[in-house]
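Pasting my_file18.json here (JSON, C-alpha atoms):
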```json
[["chain", "number", "residue", "atom", "x", "y", "z"],
["A", 1, "MET", "CA", 99.35, 144.25, 175.91],
["A", 2, "THR", "CA", 95.64, 143.96, 175.14],
["A", 3, "ASP", "CA", 95.55, 147.69, 174.39],
["A", 4, "GLU", "CA", 98.28, 147.18, 171.75],
["A", 5, "LEU", "CA", 96.35, 144.30, 170.18],
["A", 6, "ALA", "CA", 93.17, 146.35, 170.14],
["A", 7, "ALA", "CA", 95.01, 149.26, 168.53],
["A", 8, "ASP", "CA", 96.48, 146.94, 165.87],
["A", 9, "ALA", "CA", 93.07, 145.43, 165.17],
["A", 10, "ALA", "CA", 91.47, 148.88, 164.87],
["A", 11, "ARG", "CA", 94.10, 150.11, 162.42],
["A", 12, "PRO", "CA", 92.81, 149.74, 158.86],
["A", 13, "VAL", "CA", 94.92, 147.66, 156.51],
["A", 14, "PRO", "CA", 95.53, 149.56, 153.30],
["A", 15, "PRO", "CA", 94.34, 147.66, 150.24],
["A", 16, "SER", "CA", 96.98, 146.38, 147.88],
["A", 17, "PRO", "CA", 97.05, 148.65, 144.82],
["A", 18, "ARG", "CA", 97.89, 145.76, 142.50],
["A", 19, "PRO", "CA", 96.82, 142.12, 142.53],
["A", 20, "ARG", "CA", 99.19, 139.78, 144.29],
["A", 21, "ARG", "CA", 101.86, 138.08, 142.22],
["A", 22, "ALA", "CA", 100.40, 134.58, 142.70],
["A", 23, "VAL", "CA", 97.04, 135.74, 141.33],
["A", 24, "LEU", "CA", 98.69, 137.36, 138.31],
["A", 25, "LEU", "CA", 100.76, 134.27, 137.57],
["A", 26, "SER", "CA", 97.67, 132.10, 137.95],
["A", 27, "LEU", "CA", 95.77, 134.31, 135.50],
["A", 28, "PHE", "CA", 98.67, 134.20, 133.05],
["A", 29, "ALA", "CA", 99.03, 130.42, 133.29],
["A", 30, "GLY", "CA", 95.27, 129.86, 133.19],
["A", 31, "PHE", "CA", 94.75, 131.85, 130.00],
["A", 32, "ALA", "CA", 97.83, 130.29, 128.37],
["A", 33, "VAL", "CA", 96.60, 126.78, 129.16],
["A", 34, "PHE", "CA", 93.03, 127.66, 128.12],
["A", 35, "ALA", "CA", 94.12, 129.03, 124.72],
["A", 36, "TYR", "CA", 96.52, 126.15, 124.09],
["A", 37, "VAL", "CA", 94.15, 123.33, 125.11],
["A", 38, "LEU", "CA", 91.15, 124.82, 123.28],
["A", 39, "ASP", "CA", 93.29, 125.24, 120.16],
["A", 40, "GLN", "CA", 94.62, 121.68, 120.26],
["A", 41, "LEU", "CA", 91.22, 120.15, 121.04],
["A", 42, "THR", "CA", 89.51, 121.97, 118.18],
["A", 43, "LYS", "CA", 92.30, 120.94, 115.78],
["A", 44, "LEU", "CA", 91.95, 117.33, 116.95],
["A", 45, "TRP", "CA", 88.20, 117.56, 116.39],
["A", 46, "VAL", "CA", 88.67, 119.00, 112.88],
["A", 47, "THR", "CA", 91.30, 116.47, 111.79],
["A", 48, "SER", "CA", 89.27, 113.53, 113.12],
["A", 49, "THR", "CA", 85.84, 114.55, 111.78],
["A", 50, "MET", "CA", 86.57, 116.41, 108.55],
["A", 51, "VAL", "CA", 88.41, 115.72, 105.33],
["A", 52, "GLU", "CA", 90.95, 118.29, 104.22],
["A", 53, "GLY", "CA", 89.21, 120.76, 101.90],
["A", 54, "GLU", "CA", 85.77, 120.03, 103.38],
["A", 55, "ARG", "CA", 83.58, 123.07, 104.06],
["A", 56, "ILE", "CA", 80.67, 122.97, 106.53],
["A", 57, "PRO", "CA", 78.23, 125.88, 106.89],
["A", 58, "VAL", "CA", 77.82, 126.93, 110.53],
["A", 59, "LEU", "CA", 76.11, 130.34, 110.32],
["A", 60, "PRO", "CA", 75.82, 130.89, 106.58],
["A", 61, "PRO", "CA", 76.96, 133.11, 105.02],
["A", 62, "LEU", "CA", 79.01, 134.48, 107.94],
["A", 63, "LEU", "CA", 80.77, 131.43, 109.35],
["A", 64, "HIS", "CA", 81.96, 128.13, 107.90],
["A", 65, "TRP", "CA", 84.31, 125.39, 109.06],
["A", 66, "TYR", "CA", 86.76, 124.94, 106.19],
["A", 67, "PHE", "CA", 89.59, 122.50, 106.91],
["A", 68, "ILE", "CA", 92.92, 123.43, 105.35],
["A", 69, "ARG", "CA", 96.56, 122.98, 106.29],
["A", 70, "ASN", "CA", 98.62, 126.16, 106.11],
["A", 71, "SER", "CA", 102.37, 125.91, 105.58],
["A", 72, "GLY", "CA", 102.83, 129.68, 105.78],
["A", 73, "ALA", "CA", 101.88, 132.50, 108.10],
["A", 74, "ALA", "CA", 98.76, 134.68, 107.89],
["A", 75, "PHE", "CA", 97.26, 134.70, 104.40],
["A", 76, "SER", "CA", 99.71, 131.84, 103.52],
["A", 77, "ILE", "CA", 102.68, 134.21, 103.45],
["A", 78, "GLY", "CA", 106.08, 132.49, 103.47],
["A", 79, "GLU", "CA", 104.97, 128.99, 102.54],
["A", 80, "ASN", "CA", 108.53, 128.01, 101.58],
["A", 81, "VAL", "CA", 110.12, 129.05, 104.89],
["A", 82, "THR", "CA", 107.97, 127.21, 107.42],
["A", 83, "TRP", "CA", 111.00, 126.47, 109.61],
["A", 84, "VAL", "CA", 111.49, 130.23, 110.15],
["A", 85, "PHE", "CA", 108.03, 130.46, 111.74],
["A", 86, "SER", "CA", 108.94, 127.63, 114.11],
["A", 87, "ILE", "CA", 112.00, 129.57, 115.27],
["A", 88, "ILE", "CA", 110.04, 132.82, 115.60],
["A", 89, "MET", "CA", 107.25, 131.18, 117.64],
["A", 90, "ALA", "CA", 109.77, 129.50, 119.93],
["A", 91, "GLY", "CA", 111.52, 132.87, 120.40],
["A", 92, "VAL", "CA", 108.22, 134.59, 121.17],
["A", 93, "ALA", "CA", 107.37, 131.94, 123.78],
["A", 94, "VAL", "CA", 110.76, 132.36, 125.48],
["A", 95, "ALA", "CA", 110.47, 136.18, 125.41],
["A", 96, "ILE", "CA", 107.02, 136.02, 127.01],
["A", 97, "LEU", "CA", 108.32, 133.75, 129.78],
["A", 98, "PHE", "CA", 111.10, 136.25, 130.51],
["A", 99, "GLN", "CA", 108.57, 139.10, 130.78],
["A", 100, "VAL", "CA", 106.22, 137.24, 133.13],
["A", 101, "ARG", "CA", 108.39, 138.10, 136.14],
["A", 102, "ARG", "CA", 107.51, 141.77, 135.61],
["A", 103, "LEU", "CA", 103.72, 141.26, 135.59],
["A", 104, "GLY", "CA", 101.81, 143.70, 137.74],
["A", 105, "SER", "CA", 98.51, 143.91, 135.89],
["A", 106, "ALA", "CA", 95.66, 141.45, 135.41],
["A", 107, "TRP", "CA", 95.10, 142.72, 131.87],
["A", 108, "TRP", "CA", 98.74, 142.13, 130.97],
["A", 109, "SER", "CA", 98.45, 138.65, 132.51],
["A", 110, "LEU", "CA", 95.47, 137.97, 130.25],
["A", 111, "ALA", "CA", 97.22, 139.32, 127.15],
["A", 112, "LEU", "CA", 100.50, 137.50, 127.68],
["A", 113, "GLY", "CA", 98.68, 134.28, 128.60],
["A", 114, "LEU", "CA", 96.66, 134.37, 125.38],
["A", 115, "LEU", "CA", 99.77, 135.25, 123.39],
["A", 116, "LEU", "CA", 101.75, 132.36, 124.85],
["A", 117, "GLY", "CA", 98.91, 129.87, 124.43],
["A", 118, "GLY", "CA", 98.38, 130.90, 120.81],
["A", 119, "ALA", "CA", 102.07, 130.83, 119.95],
["A", 120, "LEU", "CA", 102.48, 127.39, 121.54],
["A", 121, "GLY", "CA", 99.35, 126.10, 119.80],
["A", 122, "ASN", "CA", 100.69, 126.88, 116.34],
["A", 123, "LEU", "CA", 104.24, 125.91, 117.33],
["A", 124, "THR", "CA", 102.94, 122.46, 118.28],
["A", 125, "ASP", "CA", 101.56, 122.11, 114.75],
["A", 126, "ARG", "CA", 104.85, 123.28, 113.24],
["A", 127, "LEU", "CA", 106.84, 120.80, 115.30],
["A", 128, "PHE", "CA", 104.66, 117.70, 115.18],
["A", 129, "ARG", "CA", 102.43, 117.74, 112.10],
["A", 130, "GLU", "CA", 103.28, 116.62, 108.59],
["A", 131, "PRO", "CA", 105.37, 116.99, 106.51],
["A", 132, "SER", "CA", 108.25, 117.03, 109.01],
["A", 133, "PHE", "CA", 109.52, 118.20, 112.39],
["A", 134, "GLY", "CA", 109.77, 122.00, 112.53],
["A", 135, "MET", "CA", 108.05, 122.40, 109.16],
["A", 136, "GLY", "CA", 104.58, 121.06, 109.93],
["A", 137, "HIS", "CA", 101.51, 122.66, 108.45],
["A", 138, "VAL", "CA", 99.10, 124.45, 110.80],
["A", 139, "VAL", "CA", 95.48, 123.27, 110.87],
["A", 140, "ASP", "CA", 93.14, 126.15, 110.04],
["A", 141, "PHE", "CA", 89.36, 125.82, 109.90],
["A", 142, "ILE", "CA", 87.47, 129.02, 110.81],
["A", 143, "GLN", "CA", 86.31, 130.86, 107.70],
["A", 144, "LEU", "CA", 84.68, 134.27, 107.61],
["A", 145, "PRO", "CA", 83.64, 136.03, 104.40],
["A", 146, "ASN", "CA", 86.49, 137.75, 102.54],
["A", 147, "PHE", "CA", 89.05, 136.92, 105.21],
["A", 148, "ALA", "CA", 91.83, 134.45, 105.90],
["A", 149, "ILE", "CA", 91.02, 131.00, 107.27],
["A", 150, "PHE", "CA", 92.32, 130.75, 110.83],
["A", 151, "ASN", "CA", 92.21, 128.74, 114.08],
["A", 152, "ILE", "CA", 91.82, 129.27, 117.83],
["A", 153, "ALA", "CA", 95.56, 129.92, 118.31],
["A", 154, "ASP", "CA", 95.41, 132.69, 115.72],
["A", 155, "SER", "CA", 92.37, 134.17, 117.49],
["A", 156, "ALA", "CA", 94.21, 134.09, 120.83],
["A", 157, "VAL", "CA", 97.23, 135.87, 119.33],
["A", 158, "VAL", "CA", 95.11, 138.55, 117.64],
["A", 159, "SER", "CA", 93.09, 139.09, 120.84],
["A", 160, "ALA", "CA", 96.32, 139.39, 122.84],
["A", 161, "VAL", "CA", 97.75, 141.94, 120.41],
["A", 162, "ALA", "CA", 94.52, 143.99, 120.57],
["A", 163, "ILE", "CA", 94.65, 144.00, 124.39],
["A", 164, "ILE", "CA", 98.34, 144.96, 124.33],
["A", 165, "CYS", "CA", 97.58, 147.85, 121.96],
["A", 166, "ILE", "CA", 94.79, 149.11, 124.22],
["A", 167, "LEU", "CA", 97.02, 148.85, 127.31],
["A", 168, "THR", "CA", 99.81, 150.67, 125.51],
["A", 169, "ILE", "CA", 97.49, 153.45, 124.32],
["A", 170, "ARG", "CA", 96.12, 153.81, 127.85],
["A", 171, "GLY", "CA", 99.68, 154.02, 129.18],
["A", 172, "ILE", "CA", 99.52, 150.92, 131.37],
["A", 173, "ALA", "CA", 102.94, 149.33, 131.72],
["A", 174, "LEU", "CA", 103.60, 145.62, 132.13],
["A", 175, "ASP", "CA", 104.14, 146.13, 135.85],
["A", 176, "GLY", "CA", 100.71, 147.77, 136.16],
["A", 177, "THR", "CA", 101.93, 151.34, 136.61],
["A", 178, "ARG", "CA", 100.67, 154.15, 134.43],
["A", 179, "LEU", "CA", 103.30, 155.46, 132.08],
["A", 180, "GLY", "CA", 103.84, 159.18, 132.38],
["A", 181, "SER", "CA", 102.57, 159.40, 135.96],
["A", 182, "ALA", "CA", 106.15, 159.18, 137.28],
["A", 183, "GLN", "CA", 107.18, 162.08, 135.03],
["A", 184, "LYS", "CA", 104.28, 164.23, 136.22],
["A", 185, "ASP", "CA", 105.45, 163.83, 139.82],
["A", 186, "LYS", "CA", 108.95, 165.09, 139.01],
["A", 187, "PRO", "CA", 109.69, 168.80, 139.47],
["A", 188, "GLY", "CA", 109.57, 170.82, 136.28],
["A", 189, "HIS", "CA", 106.83, 168.72, 134.61],
["A", 190, "ASP", "CA", 103.23, 169.91, 134.22]]
```
What would the structure in this file look like if it were written as structure tokens?
Amino acid sequence: MTDELAADAARPVPPSPRPRRAVLLSLFAGFAVFAYVLDQLTKLWVTSTMVEGERIPVLPPLLHWYFIRNSGAAFSIGENVTWVFSIIMAGVAVAILFQVRRLGSAWWSLALGLLLGGALGNLTDRLFREPSFGMGHVVDFIQLPNFAIFNIADSAVVSAVAIICILTIRGIALDGTRLGSAQKDKPGHD
């Protein structure tokens, strides 16, 4: 019996090729909460310390805080259909939650967490800010030269999309496998 235990102890345990599911879900949830809370806290700070239309130099001429309320999407597109953005953001959040069960990559956990946190950050504005439920205006305040004024939620979404593009170009699937590697292993493929 002791020989069997010694043999088991001497046998190396192969490392897990992908992070465990609990770690991936924790990363996903952590980045989603981080993006959402940071977005909401900065919007609370802006609305409580600035007057709408106020512009404060931070790193002139590169960065200013410029408090506006945006009823549309990026670059104020679709200002008359704010309710559509509420539906789209809610749909995106639900779609992300359905995809989480397939997570097998830390980078995808990061990307989807940032995407969910950003979508929920702006959705919260759409649902609970003036002028009415589902048609609220998003608080934007980060201004760069010759660019749209945006917020932390927007930054999280753009960062998530950039990471997703890089992962897609590199052929890394949501489950962490490399796309194309399965085809290379099949007979008849080079």
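For the set A:Arg55, A:His137, A:Arg20, A:Arg126, the residue with the smallest atom-to-atom gap to Ile87 in chain A is A:Arg126, counting all atoms listed in the file.
The shortest atom-to-atom distance to Leu25 in chain A, with only C-alpha atoms taken into account, belongs to A:Gly113 out of A:Asp175, A:Ile169, A:Gly113, A:Val94.
Proximity ranking of A:Phe141, A:Phe31, A:Phe128, A:Phe150 relative to Val58 in chain A places A:Phe141 first, based on only C-alpha atoms.
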Need the neighbours of (96.8, 142.3, 139.9): which residues are at most 8 Å away, counting all atoms listed in the file, as a VMD selection string?
chain A and resid 18 to 21 23 to 24 104 to 106 176
Which residue, A:Thr42, A:Ser132, A:Asn151, A:Thr49, has the smallest gap to Ser86 in chain A when you use only C-alpha atoms?
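Nearest to Ser86 in chain A: A:Ser132.
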Taking all atoms of range 35-38 of chain A that the file lists, what box with edges along x, y and z, padded by 4 Å per side, do you get, with centre and edge lengths in Å to one decimal, as AutoDock Vina command-line options?
```
--center_x 93.8 --center_y 126.2 --center_z 124.2 --size_x 13.4 --size_y 13.7 --size_z 9.8
```
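In this structure, CA of Leu115 in chain A sits 20.3 Å away from CA of Ser71 in chain A.
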When you draw a straight line from CA of Tyr36 in chain A to CA of Arg170 in chain A, how long is it in Å?
27.9 Å
CA of Ala160 in chain A to CA of Gly117 in chain A measures 10.0 Å
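The environment of Ile56 in chain A within 7 Å, counting only C-alpha atoms and disregarding residues fewer than 2 places along the same chain, consists of A:Glu54, A:Val58, A:His64, A:Trp65, A:Tyr66.
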I'd like to know which of A:Leu144, A:Val158, A:Val139, A:Leu112 is closest to Trp45 in chain A, using only C-alpha atoms.
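Looking at the shortest contact to Trp45 in chain A, the residue is A:Val139.
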Given all atoms listed in the file as the counted atoms, nearest of A:Gly121, A:Pro60, A:Gly72, A:Pro131 to Ala35 in chain A:
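Nearest candidate to Ala35 in chain A out of A:Gly121, A:Pro60, A:Gly72, A:Pro131: A:Gly121.
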Please identify all polymer residues within 12 Å of Ala90 in chain A, counting all atoms listed in the file, omitting same-chain residues fewer than 3 positions from it, and present them as a PyMOL selection string.
chain A and resi 83-87+93-97+116-124+126-127+134
